[in-house]
>>> print(open('run_19.csv').read())   # CSV, C-alpha atoms
chain,number,residue,atom,x,y,z
F,1,MET,CA,32.6,105.4,75.1
F,2,ARG,CA,35.8,103.9,73.9
F,3,ARG,CA,38.0,106.5,75.7
F,4,ASN,CA,36.2,105.8,78.9
F,5,TYR,CA,36.7,102.1,78.4
F,6,TYR,CA,40.4,102.4,78.1
F,7,LYS,CA,40.6,104.7,81.1
F,8,SER,CA,38.8,102.0,83.1
F,9,ILE,CA,41.3,99.4,81.9
F,10,LEU,CA,44.3,101.6,82.9
F,11,LEU,CA,42.7,102.3,86.3
F,12,VAL,CA,42.4,98.5,86.9
F,13,LEU,CA,46.0,97.9,85.9
F,14,ILE,CA,47.3,100.7,88.3
F,15,CYS,CA,45.2,99.2,91.1
F,16,MET,CA,46.7,95.7,90.4
F,17,PHE,CA,50.2,97.1,90.7
F,18,CYS,CA,49.3,98.7,94.0
F,19,LEU,CA,47.9,95.5,95.4
F,20,PHE,CA,50.8,93.4,94.1
F,21,PRO,CA,54.0,95.4,94.5
F,22,LYS,CA,57.2,94.2,92.9
F,23,THR,CA,59.0,91.7,95.2
F,24,ALA,CA,62.7,92.3,95.7
F,25,SER,CA,65.0,89.5,94.5
F,26,ALA,CA,67.1,87.6,97.0
F,27,ALA,CA,70.2,89.4,95.8
F,28,GLU,CA,68.5,92.8,96.4
F,29,GLN,CA,67.5,91.8,99.9
F,30,GLU,CA,70.9,90.3,100.9
F,31,LYS,CA,73.6,92.7,102.1
F,32,GLU,CA,77.1,92.7,100.7
F,33,TYR,CA,80.3,94.3,102.1
F,34,ASN,CA,83.8,94.7,100.7
F,35,LEU,CA,86.4,93.5,103.1
F,36,ASN,CA,89.1,95.2,101.0
F,37,LYS,CA,87.7,98.6,101.9
F,38,GLN,CA,86.3,97.9,105.3
F,39,ASN,CA,87.9,95.1,107.3
F,40,ARG,CA,85.7,95.4,110.4
F,41,ILE,CA,82.0,95.0,109.9
F,42,THR,CA,79.2,94.8,112.4
F,43,ILE,CA,76.0,93.0,111.5
F,44,THR,CA,73.3,94.0,113.9
F,45,ARG,CA,70.7,91.6,115.4
F,46,GLU,CA,68.0,93.4,113.3
F,47,LYS,CA,70.0,92.6,110.1
F,48,SER,CA,71.0,89.1,111.1
F,49,HIS,CA,69.8,86.0,109.2
F,50,ALA,CA,67.7,84.9,112.2
F,51,VAL,CA,65.6,88.1,111.8
F,52,THR,CA,65.6,88.8,108.0
F,53,GLY,CA,66.1,85.3,106.6
F,54,GLN,CA,68.8,86.7,104.4
F,55,TYR,CA,72.6,86.1,104.3
F,56,THR,CA,75.3,88.7,104.6
F,57,TRP,CA,78.1,88.4,102.1
F,58,LEU,CA,81.7,89.7,102.6
F,59,LYS,CA,83.7,90.1,99.4
F,60,TYR,CA,87.5,89.8,99.3
F,61,VAL,CA,90.1,89.9,96.5
F,62,PRO,CA,93.7,89.3,97.8
F,63,ALA,CA,96.5,91.2,96.1
F,64,GLU,CA,98.9,88.4,97.0
F,65,ASP,CA,98.8,84.7,97.8
F,66,GLY,CA,98.1,84.3,101.5
F,67,CYS,CA,95.7,83.6,104.3
F,68,LEU,CA,92.6,85.5,105.2
F,69,THR,CA,91.8,85.2,108.9
F,70,ILE,CA,88.2,85.9,110.0
F,71,GLN,CA,87.6,86.7,113.7
F,72,MET,CA,84.1,86.8,115.1
F,73,SER,CA,83.2,88.8,118.2
F,74,SER,CA,80.1,90.1,120.0
F,75,PRO,CA,79.1,93.6,118.9
F,76,GLU,CA,80.1,96.4,121.3
F,77,GLY,CA,77.6,96.7,124.1
F,78,SER,CA,75.9,93.4,123.3
F,79,ALA,CA,74.7,91.4,126.2
F,80,GLU,CA,74.7,88.1,124.4
F,81,ASN,CA,77.4,85.9,122.7
F,82,ALA,CA,77.5,86.0,118.9
F,83,THR,CA,76.6,82.6,117.4
F,84,GLY,CA,76.0,81.5,113.8
F,85,TYR,CA,77.7,80.0,110.8
F,86,ILE,CA,80.1,81.1,108.0
F,87,ALA,CA,81.3,79.6,104.8
F,88,LEU,CA,83.8,80.4,102.1
F,89,TYR,CA,82.4,80.7,98.5
F,90,ASN,CA,83.8,81.2,95.0
F,91,SER,CA,83.5,84.4,92.9
F,92,SER,CA,79.9,83.6,91.7
F,93,LYS,CA,78.7,82.5,95.2
F,94,SER,CA,77.7,79.2,93.5
F,95,SER,CA,80.2,76.8,95.1
F,96,THR,CA,81.5,76.4,98.6
F,97,LEU,CA,85.3,76.2,99.2
F,98,SER,CA,84.9,75.2,102.8
F,99,SER,CA,82.4,73.4,105.0
F,100,LYS,CA,78.9,74.8,104.3
F,101,SER,CA,78.3,75.5,108.0
F,102,ILE,CA,81.3,76.5,110.0
F,103,PHE,CA,79.9,77.2,113.5
F,104,TYR,CA,81.1,80.1,115.6
F,105,ASN,CA,80.4,81.0,119.2
F,106,THR,CA,82.1,83.9,121.0
F,107,GLU,CA,81.3,82.4,124.4
F,108,HIS,CA,84.5,80.4,124.3
F,109,GLN,CA,86.9,83.3,124.4
F,110,ASN,CA,89.7,81.1,125.7
F,111,ASN,CA,89.7,78.9,122.6
F,112,PRO,CA,90.2,80.6,119.2
F,113,PHE,CA,89.0,77.5,117.5
F,114,TRP,CA,85.4,78.7,118.2
F,115,TYR,CA,85.7,82.2,116.7
F,116,THR,CA,88.8,82.4,114.5
F,117,PHE,CA,88.9,80.9,111.0
F,118,SER,CA,91.7,80.9,108.4
F,119,PHE,CA,91.4,80.4,104.6
F,120,GLY,CA,94.2,80.0,102.1
F,121,LEU,CA,93.6,82.3,99.1
F,122,ARG,CA,95.2,82.9,95.6
F,123,LYS,CA,96.0,86.4,94.5
F,124,ASN,CA,93.6,88.4,92.3
F,125,GLN,CA,90.8,85.8,92.8
F,126,THR,CA,87.4,86.9,94.1
F,127,TYR,CA,86.1,85.1,97.2
F,128,TYR,CA,83.0,85.6,99.4
F,129,ILE,CA,82.4,84.8,103.1
F,130,ARG,CA,78.8,84.0,103.8
F,131,VAL,CA,77.5,84.9,107.3
F,132,ARG,CA,74.4,83.3,108.7
F,133,GLY,CA,74.0,84.9,112.1
F,134,ASP,CA,71.7,83.8,114.9
F,135,ASN,CA,72.1,87.3,116.3
F,136,GLY,CA,74.4,90.3,116.0
F,137,VAL,CA,78.1,89.8,115.3
F,138,THR,CA,81.2,91.9,114.5
F,139,VAL,CA,83.5,90.4,111.8
F,140,LEU,CA,87.2,91.3,111.6
F,141,GLY,CA,89.2,90.3,108.5
F,142,THR,CA,93.0,90.2,108.6
F,143,PHE,CA,95.2,89.1,105.6
F,144,THR,CA,98.7,87.6,105.8
F,145,LYS,CA,100.9,87.3,102.8
F,146,ILE,CA,102.4,83.9,102.5
F,147,ASN,CA,105.6,83.1,100.5
F,148,ASP,CA,105.2,79.3,99.8
F,149,THR,CA,108.6,77.7,100.0
F,150,SER,CA,107.6,74.1,99.3
F,151,GLY,CA,108.4,71.7,96.5
F,152,ILE,CA,105.6,70.6,94.1
F,153,SER,CA,106.6,66.9,94.0
F,154,LYS,CA,108.7,64.4,95.9
F,155,THR,CA,111.5,64.6,93.3
F,156,LYS,CA,111.4,68.4,93.6
F,157,ALA,CA,111.1,68.5,97.4
F,158,LYS,CA,112.7,71.6,99.0
F,159,SER,CA,115.4,70.8,101.5
F,160,ILE,CA,115.0,72.0,105.1
F,161,LYS,CA,118.1,72.6,107.1
F,162,ALA,CA,118.0,71.9,110.9
F,163,ASN,CA,116.2,74.6,112.9
F,164,LYS,CA,115.2,76.5,109.7
F,165,THR,CA,111.5,77.3,109.2
F,166,LYS,CA,109.6,76.7,106.0
F,167,THR,CA,106.2,78.2,105.2
F,168,GLY,CA,103.5,76.7,103.0
F,169,LEU,CA,100.1,77.7,101.7
F,170,ILE,CA,97.2,75.4,101.1
F,171,PRO,CA,94.7,77.4,98.9
F,172,ALA,CA,91.0,76.8,99.1
F,173,GLY,CA,89.5,74.8,96.2
F,174,ILE,CA,92.9,73.6,95.0
F,175,SER,CA,94.4,70.1,95.4
F,176,ASN,CA,98.1,70.5,95.9
F,177,THR,CA,100.7,68.7,97.9
F,178,ASP,CA,103.8,70.4,99.4
F,179,TRP,CA,107.0,68.4,99.7
F,180,TYR,CA,110.1,68.8,101.9
F,181,LYS,CA,113.4,66.9,102.2
F,182,ILE,CA,115.2,66.3,105.5
F,183,LYS,CA,118.7,64.9,105.5
F,184,LEU,CA,119.7,63.3,108.8
F,185,PRO,CA,123.5,63.5,109.2
F,186,LYS,CA,123.6,60.7,111.8
F,187,GLN,CA,121.3,58.3,113.6
F,188,LYS,CA,119.0,60.4,115.9
F,189,ARG,CA,115.5,61.0,116.8
F,190,LEU,CA,113.7,63.3,114.3
F,191,ARG,CA,111.7,66.1,115.9
F,192,ILE,CA,109.3,68.0,113.6
F,193,TYR,CA,107.8,71.2,114.8
F,194,TYR,CA,104.8,72.8,113.1
F,195,GLN,CA,102.2,75.5,113.4
F,196,ALA,CA,99.0,75.6,111.4
F,197,LYS,CA,96.3,78.3,110.7
F,198,THR,CA,93.6,76.4,109.0
F,199,THR,CA,89.9,75.9,108.7
F,200,GLY,CA,89.6,72.1,108.5
F,201,SER,CA,92.8,70.1,108.8
F,202,PHE,CA,96.0,69.2,106.9
F,203,LYS,CA,97.5,65.8,106.5
F,204,MET,CA,101.3,65.4,107.2
F,205,THR,CA,103.0,62.3,105.9
F,206,ILE,CA,106.6,61.2,106.5
F,207,TYR,CA,108.6,58.8,104.3
F,208,GLN,CA,112.1,57.2,104.7
F,209,GLY,CA,113.1,57.1,101.1
F,210,LYS,CA,110.1,55.2,99.5
F,211,ASN,CA,108.9,53.7,102.8
F,212,LEU,CA,106.0,55.2,104.6
F,213,ILE,CA,106.8,56.0,108.3
F,214,GLY,CA,103.5,57.5,109.3
F,215,SER,CA,101.0,60.3,108.9
F,216,ARG,CA,99.0,62.7,111.1
F,217,ASN,CA,96.2,65.2,110.7
F,218,ILE,CA,97.1,68.6,111.9
F,219,TYR,CA,94.6,71.2,113.0
F,220,TYR,CA,94.5,74.9,113.9
F,221,THR,CA,97.2,75.5,116.5
F,222,SER,CA,97.5,78.5,118.9
F,223,GLY,CA,101.2,77.6,119.3
F,224,GLU,CA,103.9,75.3,118.2
F,225,LYS,CA,103.4,71.5,118.2
F,226,LYS,CA,105.9,68.7,118.0
F,227,ILE,CA,106.2,65.2,116.5
F,228,VAL,CA,109.0,62.9,117.6
F,229,LEU,CA,110.0,60.0,115.3
F,230,TYR,CA,112.2,57.1,116.4
F,231,GLN,CA,112.6,53.4,116.0
F,232,TYR,CA,111.1,51.0,118.5
F,233,SER,CA,112.2,47.4,119.1
F,234,LYS,CA,109.5,45.0,120.2
F,235,THR,CA,112.2,42.6,121.3
F,236,THR,CA,114.3,44.9,123.5
F,237,LYS,CA,111.5,47.4,124.0
F,238,LYS,CA,114.0,50.2,123.5
F,239,LYS,CA,113.6,53.4,121.5
F,240,THR,CA,116.5,54.4,119.2
F,241,GLY,CA,117.0,57.1,116.7
F,242,LEU,CA,116.1,57.0,113.0
F,243,LYS,CA,118.8,55.9,110.6
F,244,LYS,CA,121.1,58.4,108.9
F,245,GLY,CA,119.7,59.3,105.4
F,246,ASN,CA,117.0,61.2,103.5
F,247,TYR,CA,113.5,61.7,104.8
F,248,PHE,CA,110.5,63.3,103.0
F,249,VAL,CA,107.6,65.2,104.4
F,250,SER,CA,104.4,65.9,102.4
F,251,ILE,CA,101.6,68.3,103.5
F,252,GLU,CA,98.2,68.5,101.9
F,253,ARG,CA,94.6,69.3,102.8
F,254,SER,CA,92.7,66.4,104.5
F,255,ASN,CA,89.6,67.1,102.5
F,256,SER,CA,88.1,69.6,100.0
F,257,ALA,CA,86.8,71.8,102.8
F,258,SER,CA,90.3,72.6,104.2
F,259,SER,CA,92.6,75.5,103.5
F,260,GLY,CA,95.1,77.9,105.3
F,261,TYR,CA,98.8,77.9,105.9
F,262,TYR,CA,101.5,76.3,108.1
F,263,LYS,CA,105.1,76.5,109.3
F,264,ILE,CA,107.5,73.6,109.7
F,265,LYS,CA,111.0,73.0,111.0
F,266,TRP,CA,113.0,70.1,112.5
F,267,ASN,CA,116.1,69.3,114.6
>>> encode(input="run_19.csv", output="structure tokens")
Amino acid sequence: MRRNYYKSILLVLICMFCLFPKTASAAEQEKEYNLNKQNRITITREKSHAVTGQYTWLKYVPAEDGCLTIQMSSPEGSAENATGYIALYNSSKSSTLSSKSIFYNTEHQNNPFWYTFSFGLRKNQTYYIRVRGDNGVTVLGTFTKINDTSGISKTKAKSIKANKTKTGLIPAGISNTDWYKIKLPKQKRLRIYYQAKTTGSFKMTIYQGKNLIGSRNIYYTSGEKKIVLYQYSKTTKKKTGLKKGNYFVSIERSNSASSGYYKIKWN
């Protein structure tokens, strides 16, 4: 009697496990790829967030300080443009190091702003790119090593000689300001040339000694941009060159969601 009773209990428990199978955790359902081992990854429509409700994670650990550029494209043979959102996360996937929803759309092939995104990274740190696709997408990751040549403060600003290029890195999740010193040998217009590969924007500020001259937000550029600085007289309405002397340029991220790298020179 007792043996038959225990057999009945066991049979009920087995049936309950059949009726209520173990549910996979979110981590088990989400797909993760390693960009260090495979830099081109295709997420099919069937595996996209729109179909599965799960994110795709792309892990990357840079061996050097530099910039990771993520380029989105429509999968080969696809009849539709890839759309969706990406975001940069820390090593535990618990905090965003960029905007939470960076929109991509491969329809705008003439404008890299819509499908190319750059993130400044520190060496040996673990990062994740989260992809939330509306449909299928191919992701290409390209890393560029950056030798930052900036100064860490105004008093330690790095001098830039005329027509010589300096490169700076703005890492994700880190608040740093890069400083440069320009010495004008005579009165003249100051032309500053820059390029930026960034997700978000940087803030460039120019000083004449301790005096603030002006500032500008700089965004992702496909080519070289120019800023021209001069003096303007409201009385004569004439434009003249800046006075001979030392000028300082600072570059920093505009907000906590910005990172990437830049190049700067002057003449």
>>> closest_residue(input="run_19.csv", among="F:Thr96, F:Thr149, F:Thr205, F:Thr83", to="F:Tyr115", atoms="only C-alpha atoms")
F:Thr83
>>> closest_residue(input="run_19.csv", among="F:Thr138, F:Ser78, F:Val61, F:Thr126", to="F:Asn90", atoms="only C-alpha atoms")
F:Thr126
>>> closest_residue(input="run_19.csv", among="F:Val228, F:Met204, F:Leu140, F:Ile192", to="F:Asp178", atoms="only C-alpha atoms")
F:Met204
>>> closest_residue(input="run_19.csv", among="F:Pro75, F:Gly241, F:Gly84, F:Pro112", to="F:Ser222", atoms="all atoms listed in the file")
F:Pro112
>>> atom_distance(input="run_19.csv", atom1="atom CA of F:Lys243", atom2="atom CA of F:Gly223")
29.3 Å
>>> residues_near_point(input="run_19.csv", point="(108.4, 63.8, 96.3)", cutoff="10 Å", atoms="only C-alpha atoms", output="short mmCIF file (atom, residue, chain, number, x, y, z; two decimals) with C-alpha atoms, in the frame of the given file")
data_model
loop_
_atom_site.label_atom_id
_atom_site.label_comp_id
_atom_site.auth_asym_id
_atom_site.auth_seq_id
_atom_site.Cartn_x
_atom_site.Cartn_y
_atom_site.Cartn_z
CA GLY F 151 108.40 71.70 96.50
CA ILE F 152 105.60 70.60 94.10
CA SER F 153 106.60 66.90 94.00
CA LYS F 154 108.70 64.40 95.90
CA THR F 155 111.50 64.60 93.30
CA LYS F 156 111.40 68.40 93.60
CA ALA F 157 111.10 68.50 97.40
CA LYS F 158 112.70 71.60 99.00
CA THR F 177 100.70 68.70 97.90
CA ASP F 178 103.80 70.40 99.40
CA TRP F 179 107.00 68.40 99.70
CA TYR F 180 110.10 68.80 101.90
CA LYS F 181 113.40 66.90 102.20
CA TYR F 207 108.60 58.80 104.30
CA GLY F 209 113.10 57.10 101.10
CA LYS F 210 110.10 55.20 99.50
CA PHE F 248 110.50 63.30 103.00
CA VAL F 249 107.60 65.20 104.40
CA SER F 250 104.40 65.90 102.40
#
>>> closest_residue(input="run_19.csv", among="F:Thr144, F:Ser94, F:Asn124, F:Asn267", to="F:Arg191", atoms="all atoms listed in the file")
F:Asn267
>>> residues_near_point(input="run_19.csv", point="(79.5, 91.4, 116.1)", cutoff="7 Å", atoms="all atoms listed in the file", output="list in words")
Thr42, Ile43, Met72, Ser73, Ser74, Pro75, Ala82, Gly136, Val137, Thr138 and Val139 of chain F
>>> closest_residue(input="run_19.csv", among="F:Gln187, F:Ser259, F:Gln195, F:Thr221", to="F:Asn246", atoms="all atoms listed in the file")
F:Gln187
>>> closest_atom_pairs(input="run_19.csv", of="stretch 39-76 of chain F", to="stretch 129-134 of chain F", cutoff="8 Å", atoms="all atoms listed in the file", output="Markdown table")
| residue | atom | partner | partner_atom | distance |
| --- | --- | --- | --- | --- |
| F:Arg45 | CA | F:Asp134 | CA | 7.9 |
| F:Ser48 | CA | F:Gly133 | CA | 5.3 |
| F:His49 | CA | F:Gly133 | CA | 5.2 |
| F:Ala50 | CA | F:Asp134 | CA | 4.9 |
| F:Gln54 | CA | F:Arg132 | CA | 7.8 |
| F:Tyr55 | CA | F:Arg132 | CA | 5.5 |
| F:Thr56 | CA | F:Val131 | CA | 5.2 |
| F:Trp57 | CA | F:Arg130 | CA | 4.8 |
| F:Leu58 | CA | F:Ile129 | CA | 5.0 |
| F:Lys59 | CA | F:Ile129 | CA | 6.6 |
>>> residues_around(input="run_19.csv", residues="F:Pro171", least_positions_apart="6", cutoff="7 Å", atoms="all atoms listed in the file", output="PyMOL selection string")
chain F and resi 120-122+259-260
>>> residues_around(input="run_19.csv", residues="stretch 263-266 of chain F", least_positions_apart="5", cutoff="7 Å", atoms="all atoms listed in the file", output="ChimeraX atom specification")
/F:162-168,191-196
>>> residues_around(input="run_19.csv", residues="F:Ser258", least_positions_apart="4", cutoff="7 Å", atoms="all atoms listed in the file", output="PyMOL selection string")
chain F and resi 98+172+198-201+253-254
>>> atom_distance(input="run_19.csv", atom1="atom CA of F:Gln71", atom2="atom CA of F:Asp148")
23.6 Å
>>> atom_distance(input="run_19.csv", atom1="atom CA of F:Tyr89", atom2="atom CA of F:Ser215")
29.5 Å
>>> decode(input="run_19.csv", residues="stretch 178-190 of chain F", atoms="all heavy atoms", output="mmCIF file, in the first residue's frame")
data_model
loop_
_atom_site.group_PDB
_atom_site.id
_atom_site.type_symbol
_atom_site.label_atom_id
_atom_site.label_comp_id
_atom_site.auth_asym_id
_atom_site.auth_seq_id
_atom_site.Cartn_x
_atom_site.Cartn_y
_atom_site.Cartn_z
ATOM 1 N N ASP F 178 40.738 67.468 -22.942
ATOM 2 C CA ASP F 178 42.019 67.546 -23.643
ATOM 3 C C ASP F 178 42.370 69.009 -23.881
ATOM 4 O O ASP F 178 41.515 69.816 -24.263
ATOM 5 C CB ASP F 178 41.944 66.812 -24.984
ATOM 6 C CG ASP F 178 41.718 65.318 -24.813
ATOM 7 O OD1 ASP F 178 41.850 64.820 -23.677
ATOM 8 O OD2 ASP F 178 41.425 64.648 -25.820
ATOM 9 N N TRP F 179 43.668 69.335 -23.692
ATOM 10 C CA TRP F 179 44.111 70.726 -23.817
ATOM 11 C C TRP F 179 45.252 70.870 -24.816
ATOM 12 O O TRP F 179 46.165 70.040 -24.858
ATOM 13 C CB TRP F 179 44.577 71.264 -22.466
ATOM 14 C CG TRP F 179 43.457 71.567 -21.518
ATOM 15 C CD1 TRP F 179 42.906 70.724 -20.598
ATOM 16 C CD2 TRP F 179 42.749 72.803 -21.403
ATOM 17 N NE1 TRP F 179 41.891 71.343 -19.922
ATOM 18 C CE2 TRP F 179 41.773 72.630 -20.389
ATOM 19 C CE3 TRP F 179 42.833 74.036 -22.047
ATOM 20 C CZ2 TRP F 179 40.904 73.644 -20.004
ATOM 21 C CZ3 TRP F 179 41.973 75.057 -21.676
ATOM 22 C CH2 TRP F 179 41.024 74.860 -20.657
ATOM 23 N N TYR F 180 45.178 71.965 -25.615
ATOM 24 C CA TYR F 180 46.212 72.275 -26.597
ATOM 25 C C TYR F 180 46.557 73.759 -26.522
ATOM 26 O O TYR F 180 45.717 74.597 -26.176
ATOM 27 C CB TYR F 180 45.735 71.939 -28.013
ATOM 28 C CG TYR F 180 45.395 70.473 -28.193
ATOM 29 C CD1 TYR F 180 44.073 70.035 -28.063
ATOM 30 C CD2 TYR F 180 46.387 69.539 -28.470
ATOM 31 C CE1 TYR F 180 43.758 68.692 -28.208
ATOM 32 C CE2 TYR F 180 46.070 68.195 -28.614
ATOM 33 C CZ TYR F 180 44.768 67.775 -28.484
ATOM 34 O OH TYR F 180 44.451 66.448 -28.625
ATOM 35 N N LYS F 181 47.810 74.068 -26.883
ATOM 36 C CA LYS F 181 48.292 75.446 -26.863
ATOM 37 C C LYS F 181 48.730 75.858 -28.269
ATOM 38 O O LYS F 181 49.463 75.127 -28.940
ATOM 39 C CB LYS F 181 49.467 75.571 -25.897
ATOM 40 C CG LYS F 181 50.053 76.965 -25.800
ATOM 41 C CD LYS F 181 51.223 76.962 -24.803
ATOM 42 C CE LYS F 181 51.873 78.327 -24.694
ATOM 43 N NZ LYS F 181 53.016 78.309 -23.728
ATOM 44 N N ILE F 182 48.249 77.004 -28.701
ATOM 45 C CA ILE F 182 48.606 77.557 -30.014
ATOM 46 C C ILE F 182 49.300 78.898 -29.793
ATOM 47 O O ILE F 182 48.777 79.770 -29.091
ATOM 48 C CB ILE F 182 47.352 77.765 -30.888
ATOM 49 C CG1 ILE F 182 46.710 76.411 -31.211
ATOM 50 C CG2 ILE F 182 47.709 78.507 -32.164
ATOM 51 C CD1 ILE F 182 45.363 76.526 -31.909
ATOM 52 N N LYS F 183 50.462 79.065 -30.380
ATOM 53 C CA LYS F 183 51.200 80.323 -30.249
ATOM 54 C C LYS F 183 51.186 81.052 -31.595
ATOM 55 O O LYS F 183 51.826 80.626 -32.554
ATOM 56 C CB LYS F 183 52.641 80.054 -29.817
ATOM 57 C CG LYS F 183 53.441 81.327 -29.561
ATOM 58 C CD LYS F 183 54.831 81.011 -29.037
ATOM 59 C CE LYS F 183 55.605 82.299 -28.743
ATOM 60 N NZ LYS F 183 56.961 81.997 -28.212
ATOM 61 N N LEU F 184 50.407 82.138 -31.645
ATOM 62 C CA LEU F 184 50.353 82.938 -32.866
ATOM 63 C C LEU F 184 51.589 83.842 -32.928
ATOM 64 O O LEU F 184 51.805 84.647 -32.022
ATOM 65 C CB LEU F 184 49.095 83.803 -32.897
ATOM 66 C CG LEU F 184 47.773 83.147 -33.306
ATOM 67 C CD1 LEU F 184 46.681 84.197 -33.380
ATOM 68 C CD2 LEU F 184 47.895 82.419 -34.619
ATOM 69 N N PRO F 185 52.401 83.735 -33.968
ATOM 70 C CA PRO F 185 53.635 84.531 -34.048
ATOM 71 C C PRO F 185 53.399 85.988 -34.416
ATOM 72 O O PRO F 185 54.283 86.833 -34.218
ATOM 73 C CB PRO F 185 54.425 83.812 -35.146
ATOM 74 C CG PRO F 185 53.368 83.215 -36.025
ATOM 75 C CD PRO F 185 52.254 82.814 -35.102
ATOM 76 N N LYS F 186 52.218 86.278 -34.951
ATOM 77 C CA LYS F 186 51.877 87.644 -35.346
ATOM 78 C C LYS F 186 50.363 87.772 -35.398
ATOM 79 O O LYS F 186 49.638 86.780 -35.270
ATOM 80 C CB LYS F 186 52.480 87.968 -36.713
ATOM 81 C CG LYS F 186 51.959 87.067 -37.819
ATOM 82 C CD LYS F 186 52.605 87.405 -39.160
ATOM 83 C CE LYS F 186 52.055 86.494 -40.268
ATOM 84 N NZ LYS F 186 52.671 86.815 -41.578
ATOM 85 N N GLN F 187 49.886 89.003 -35.589
ATOM 86 C CA GLN F 187 48.445 89.200 -35.694
ATOM 87 C C GLN F 187 47.939 88.559 -36.989
ATOM 88 O O GLN F 187 48.435 88.845 -38.071
ATOM 89 C CB GLN F 187 48.094 90.689 -35.697
ATOM 90 C CG GLN F 187 46.589 90.944 -35.728
ATOM 91 C CD GLN F 187 46.244 92.423 -35.565
ATOM 92 O OE1 GLN F 187 47.116 93.261 -35.394
ATOM 93 N NE2 GLN F 187 44.958 92.738 -35.596
ATOM 94 N N LYS F 188 46.953 87.673 -36.854
ATOM 95 C CA LYS F 188 46.410 86.987 -38.021
ATOM 96 C C LYS F 188 45.117 86.271 -37.658
ATOM 97 O O LYS F 188 44.813 86.069 -36.474
ATOM 98 C CB LYS F 188 47.417 85.977 -38.589
ATOM 99 C CG LYS F 188 47.665 84.787 -37.661
ATOM 100 C CD LYS F 188 48.762 83.870 -38.171
ATOM 101 C CE LYS F 188 48.445 83.217 -39.476
ATOM 102 N NZ LYS F 188 47.383 82.185 -39.377
ATOM 103 N N ARG F 189 44.398 85.892 -38.652
ATOM 104 C CA ARG F 189 43.209 85.063 -38.420
ATOM 105 C C ARG F 189 43.666 83.660 -38.049
ATOM 106 O O ARG F 189 44.600 83.129 -38.636
ATOM 107 C CB ARG F 189 42.322 85.010 -39.664
ATOM 108 C CG ARG F 189 41.716 86.357 -40.025
ATOM 109 C CD ARG F 189 40.670 86.224 -41.101
ATOM 110 N NE ARG F 189 40.128 87.540 -41.478
ATOM 111 C CZ ARG F 189 39.052 87.705 -42.229
ATOM 112 N NH1 ARG F 189 38.402 86.640 -42.703
ATOM 113 N NH2 ARG F 189 38.608 88.922 -42.510
ATOM 114 N N LEU F 190 42.978 83.083 -37.072
ATOM 115 C CA LEU F 190 43.315 81.737 -36.630
ATOM 116 C C LEU F 190 42.323 80.757 -37.242
ATOM 117 O O LEU F 190 41.123 80.817 -36.986
ATOM 118 C CB LEU F 190 43.265 81.652 -35.102
ATOM 119 C CG LEU F 190 43.455 80.262 -34.484
ATOM 120 C CD1 LEU F 190 44.788 79.654 -34.891
ATOM 121 C CD2 LEU F 190 43.327 80.341 -32.966
#
